[in-house]
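S.K.: First the structure, which I've put down as C-alpha cells, then a few questions once you've had a look.
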Amino acid sequence: MQMETQIKPKQRMKRSRINRLKYGEYLWGYLFIAPFFLGIAVFYIWPVLQTFYFSFTEWGAFNKYSWSGIDNYTKLASDKSLMHAFQNTLQFVICSVPLTIIFSIIAATLLNQKVRGLTLYRTLYFLPVVTMPAAVSIVWKWLYNGDYGLINYVLSFFHIKGPTWLSSADFVMYAIIIVAVWMSIGNNMIILLSGLQGISSSYYEAAEIDGARPLYKFIHITIPLLTPTIFFVTVMQLISAFQMFDLIFMMIGDKSMVIQSAQTVVFLFYKYAFIDNAKGYASTIAIVLLVIIMVVTAIQMKLQKKWVHYE
Amino acid sequence: MRTQSYRISRKSKVLIHALLIFGAILMMIPFVWMLLTSFKTLTESTQVPPVIIPKSFSFDNYAKALVSLPFKTFYFNTIFTTLMKTIGQLLFCSMAAYAFARLQFPGRTFIFLLCLSVLMVPGQVFIIPQYMIMKQLHWIDSLQALIVPGLFSVFGTFLLRQFFMTIPRELEEAAKLDGCHYVGIYWRIILPLAKPGLVALAIFTILWSWNDLLWPIIVNTSMQKMPLSAGLAYLQGEHFTNFPVLMAGSILAVWPMIIMFLFFQRYFIEGIALTGTKQ
C-alpha cells in the first residue's frame with residue numbers, strides 16, 4: 001500500500017499501460033488458439049478420455065452401454081482372434097519396418113550420387129505414396145491372383161509354381177508386407193535423402209585423402225551421420241505399421257477364409273466396433289494398442305542413446 | 001592413377017543406374033498393369049498365359065464403372081471435403097501456430113504439450129467417440145461428417161509452429177513500432193513469409209484427405225455421400241472378379257492425385273523433407 005502511494009502518477013500510468021498491453025497479448029493469444037484448441041479438445045482430447053471410459057463398458061442394441069468393470073480387460077487374454085491379430089501385427093511390423101528402412105536407405109544413397117535423371121527416378125519411386133491405398137490394394141490383388149496373376153506368371157519362367165498368395169494362410173501376410181514396403185519406400189527415401197544432403201562434404205573429403213573406399217565411407221561416415229534421420233523415420237514407420245488397416249480391408253476382407261492369418265489389431269478393432277457393435281470391447285483394444293505404441297516409442301527413445309549420433 | 005579412378009567411377013555409375021532402373025521397374029509394374037488391364041476385355045484378362053497388350057484399347061470398362069457407380073458424386077464429395085479440410089487446417093493451424101510461436105499467455109506451454117500428446121495416440125482411440133458425436137449431431141451420412149473432424153490438426157499446428165520459429169523477429173518488431181496489431185502481423189508478415197510451410201501442410205492435408213478410407217467407410221455408408229476411396233471399396237463388392245472394370249475404377253480414383261503430384265512435385269518433395277528436418 002505504502003509502495004503504491006510512493007509511485008509517481010507518471011510511473012503509474014506507464015505501469016497500467018504495460019499491464020494493458022500484457023493482458024491484451026494474453027487475450028489475443030487465447031483468441032488465436034481458440035478455434036484450434038476447441039476442435040482438438042472436442043474431437044481428440046475428450047475422445048481419448050471417453051474411449052478410456054468406454055473400455056470399461058458393455059454395449060447393447062442402439063448404442064446403449066453399461067458399466068462392466070474390468071470384464072473387457074480380462075476377456076482380452078482368452079480372445080483367440082485377438083491373439084492372432086497381435087501375432088499378425090507383430091509379424092507385419094517386424095518384417096515391413098526394417099525392409100522399408102533398408103530399401104529406403106539404399107535408394108536414397110544411390111540417388112545421392114549425383115546421378116543423371118535424379119528427378120525422374122525420384123518421381124517414379126514416390127508415385128506409390130500419392131496413390132490411394134484402396135486402389136493400390138485392388139491392383140496388387142490382381143497381381144497376386146493365383147490363376148491369372150502376373151506375379152505367378154513371372155515365377156513360372158523360373159519353374160516356380162507360385163502360391164495362391166492372398167488365399168493361402170502361409171503367404172498372405174508376406175504378400176501384404178511386400179505391398180506395404182512398396183508403398184512406403186518413396187516417403188522415407190525423400191526424408192533420408194534430405195538427411196544425406198545435410199551431411200557436410202568435408203567428412204568425405206577427409207576420408208578420401210586417407211584413401212577410403214566407397215563402402216568404407218558408407219559404413220563409417222554416411223550411416224553414423226544419418227542415424228538421427230534413420231531414427232526419425234523408424235519411429236514414424238513403426239507407429240504407422242502398428243495401425244495397418246487399409247490393405248487388409250481391401251485385399252483380404254472379412255469374408256476371406258484366411259482372415260485369421262491376415263487380420264491386424266486395427267482391422268479387428270474395426271470389425272468389433274462397427275460390424276459386431278461391441279464398441280466397449282473395441283475401446284479396450286484401442287487402449288491396449290495405445291499402451292503398446294507408447295511403450296515401443298519409449299523404448300526407442302531410451303535406446304537411441306546407444307546408436308544415434310547427434311553432431 | 002587418374003584414369004583408373006575414372007574407370008572405377010564409370011563402372012560404379014553403370015551399376016548405380018542398373019540398380020535404380022531395376023527399382024524403378026518394380027515400382028512401376030503395378031501402375032502399368034493397372035492401366036493395361038483397364039483396357040482389356042474380361043476374357044483377355046483371364047487368359048493363360050496373360051495377354052500383355054490388349055488387342056484394342058476400348059473404354060468399355062470405364063463406361064461400365066461409370067454406369068455402375070455415381071462417380072460424379074464421388075468426385076464432388078472428395079474434392080469438396082478435401083478443399084474444406086485444407087482451408088480449415090491452413091487457417092486454424094496457422095492461427096494457433098502463430099500464438100504458440102510468438103504470443104505470451106498463461107498456460108501456453110501446458111496447452112501446447114497437451115495438444116502435442118495427441119500426436120502419439122493412434123487414430124483408433126478417437127474413432128468411436130468421434131462416431132458417437134457424429135451420431136448425436138445427426139451427421140451420419142453427410143459431408144460435414146467427413147469434413148469437421150478433419151478441420152483441426154495437431155500435426156499441422158506443430159509443423160507450422162516450428163516453421164514460424166525460424167522467421168526472424170526483427171520484421172515484427174518493426175511492424176509493431178508502426179502500430180501494426182497482432183492480427184496484422186499474423187496476416188501480413190508471418191503468413192506471407194511462411195508460404196513453404198503452408199504449402200507443405202496443404203499438400204499433406206490434400207493427400208490424406210483424398211486417400212483416407214477408414215473414417216469414410218465408418219460414417220458414410222450411403223452412396224450419395226461417399227468419397228472415391230469408399231466408392232472403390234463398394235465397386236469391389238459389386239464387381240468382385242471383373243478386374244478390368246475394377247482397374248478402370250481405380251484409375252478414375254487415382255489420376256487426379258498423380259497429375260497433381262507430377263505438376264507440383266517440387267512442393268511434395270520439399271514438404272516431405274520438411275517433416276524430417278523440423279523434428
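Labels used: A, B, ... for chains in the order of the C-alpha cells, numbers from 1 for residues in each chain, and numbers from 1 for ligands as shown.
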Could you give me, as a list in words, the residues within 7 Å of segment 47-59 of chain B, counting only C-alpha atoms and dropping anything in the same chain fewer than 5 positions from it?

M.R.: Tyr148 of chain A; Leu36, Phe39 and Lys40 of chain B

S.K.: Could you please take those selected residues and save N, CA, C and O atoms as a tab-separated table (two decimals), in the first residue's frame?

M.R.:
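Saved file part.tsv follows:
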```
chain	number	residue	atom	x	y	z
A	148	TYR	N	-4.49	-66.10	-62.70
A	148	TYR	CA	-4.23	-65.19	-63.81
A	148	TYR	C	-3.27	-64.06	-63.44
A	148	TYR	O	-3.07	-63.13	-64.20
B	36	LEU	N	-2.93	-51.16	-68.31
B	36	LEU	CA	-3.16	-52.12	-69.39
B	36	LEU	C	-4.43	-52.93	-69.15
B	36	LEU	O	-5.24	-53.10	-70.05
B	39	PHE	N	-7.93	-51.66	-70.02
B	39	PHE	CA	-8.39	-51.64	-71.42
B	39	PHE	C	-8.72	-53.03	-71.96
B	39	PHE	O	-9.14	-53.17	-73.09
B	40	LYS	N	-8.46	-54.07	-71.15
B	40	LYS	CA	-8.68	-55.42	-71.65
B	40	LYS	C	-10.14	-55.84	-71.54
B	40	LYS	O	-10.86	-55.33	-70.69
```

S.K.: Could you give me, as a ChimeraX atom specification, each residue of segment 48-262 of chain B that DSSP assigns to alpha helix (DSSP H) when run on this structure's backbone?

M.R.: /B:60-68,71-102,108-119,124-136,143-147,154-165,170-177,182-185,191-193,195-211,214-219,228-238,243-262

S.K.: Find the residues near segment 89-102 of chain A: any atom within 10 Å, counting only C-alpha atoms, skip ones fewer than 2 places away on the same chain, and give them as JSON, numbers by chain.

M.R.: {"A": [83, 84, 85, 86, 87, 104, 105, 106, 107, 108, 173, 174, 176, 177, 178, 179, 180, 181, 182, 183, 184, 185, 186, 187, 188, 189, 192, 230, 231, 233, 234, 235, 236, 237, 238, 239, 240, 241, 242, 243, 244, 262, 263, 264, 265, 266, 267]}

S.K.: One number please: atom CA of Gly24 of chain A to atom CA of Leu193 of chain B, in Å, one decimal.

M.R.: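 Pair atom CA of Gly24 of chain A / atom CA of Leu193 of chain B returns 24.5 Å.
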
S.K.: Excluding segment 150-152 of chain A and residues on its chain fewer than 3 positions from it, collect all residues at most 12 Å away from it, counting only C-alpha atoms, and give them as a ChimeraX atom specification.

M.R.: /A:139-147,155-165,175 /B:26,29-30,32-34,37,45-52

S.K.: In Å, rounded to a single decimal, give me how far atom CA of Asn61 of chain B is from atom CA of Ser38 of chain B.

M.R.: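 Straight-line distance from atom CA of Ser38 of chain B to atom CA of Asn61 of chain B works out to 6.4 Å.
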
S.K.: List every residue of segment 31-134 of chain A that DSSP, applied to the backbone of this structure, assigns to strand (DSSP E or B), and report them as an MDAnalysis selection string.

M.R.: chainID A and resid 57:59 65:67

S.K.: Let's have the selection written as a JSON list (two decimals), in the first residue's frame, with C-alpha atoms.

M.R.:
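Result file out23.json:
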```
[["chain", "number", "residue", "atom", "x", "y", "z"],
["A", 57, "THR", "CA", -18.39, -50.71, -20.60],
["A", 58, "GLU", "CA", -20.50, -53.22, -22.43],
["A", 59, "TRP", "CA", -22.60, -52.22, -25.44],
["A", 65, "TYR", "CA", -23.87, -49.06, -22.88],
["A", 66, "SER", "CA", -23.44, -50.02, -19.24],
["A", 67, "TRP", "CA", -20.52, -50.23, -16.83]]
```

S.K.: Near segment 297-310 of chain A, counting only C-alpha atoms, which residues have an atom at most 7 Å away, once you skip same-chain residues fewer than 2 positions from it, shown as a PyMOL selection string?

M.R.: chain A and resi 224-225+227-228+235+293-295

S.K.: Mind writing the picked residues with N, CA, C and O atoms as a CSV table (one decimal), in the first residue's frame?

M.R.:
```
chain,number,residue,atom,x,y,z
A,224,PRO,N,26.6,-43.5,-39.8
A,224,PRO,CA,26.6,-42.8,-38.5
A,224,PRO,C,26.0,-41.4,-38.5
A,224,PRO,O,25.2,-41.1,-37.6
A,225,LEU,N,26.3,-40.7,-39.5
A,225,LEU,CA,25.8,-39.3,-39.6
A,225,LEU,C,24.4,-39.3,-40.0
A,225,LEU,O,23.7,-38.3,-39.8
A,227,THR,N,22.2,-41.4,-38.7
A,227,THR,CA,21.4,-42.1,-37.7
A,227,THR,C,20.3,-41.2,-37.1
A,227,THR,O,19.2,-41.8,-36.8
A,228,PRO,N,20.4,-39.9,-37.0
A,228,PRO,CA,19.3,-39.1,-36.5
A,228,PRO,C,18.1,-39.2,-37.4
A,228,PRO,O,16.9,-39.4,-36.9
A,235,VAL,N,10.9,-44.4,-36.1
A,235,VAL,CA,9.8,-44.1,-35.1
A,235,VAL,C,8.5,-43.9,-35.8
A,235,VAL,O,7.5,-44.6,-35.5
A,293,ILE,N,2.0,-48.9,-28.3
A,293,ILE,CA,2.7,-47.9,-29.1
A,293,ILE,C,3.5,-47.0,-28.3
A,293,ILE,O,4.7,-46.7,-28.6
A,294,MET,N,3.0,-46.6,-27.1
A,294,MET,CA,3.7,-45.7,-26.2
A,294,MET,C,4.9,-46.4,-25.6
A,294,MET,O,6.0,-45.8,-25.6
A,295,VAL,N,4.8,-47.7,-25.3
A,295,VAL,CA,5.9,-48.5,-24.7
A,295,VAL,C,7.0,-48.6,-25.8
A,295,VAL,O,8.2,-48.4,-25.5
```

S.K.: Enter the distance from atom CA of Ile259 of chain B to atom CA of Leu207 of chain B, in Å, rounded to one decimal.

M.R.: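 Distance reported for this atom pair: 12.4 Å.
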
S.K.: Determine the nearest neighbour of chain B from the options A:Ser194, A:Asn88, A:Ser81, A:Gln260, counting only C-alpha atoms.

M.R.: A:Ser194
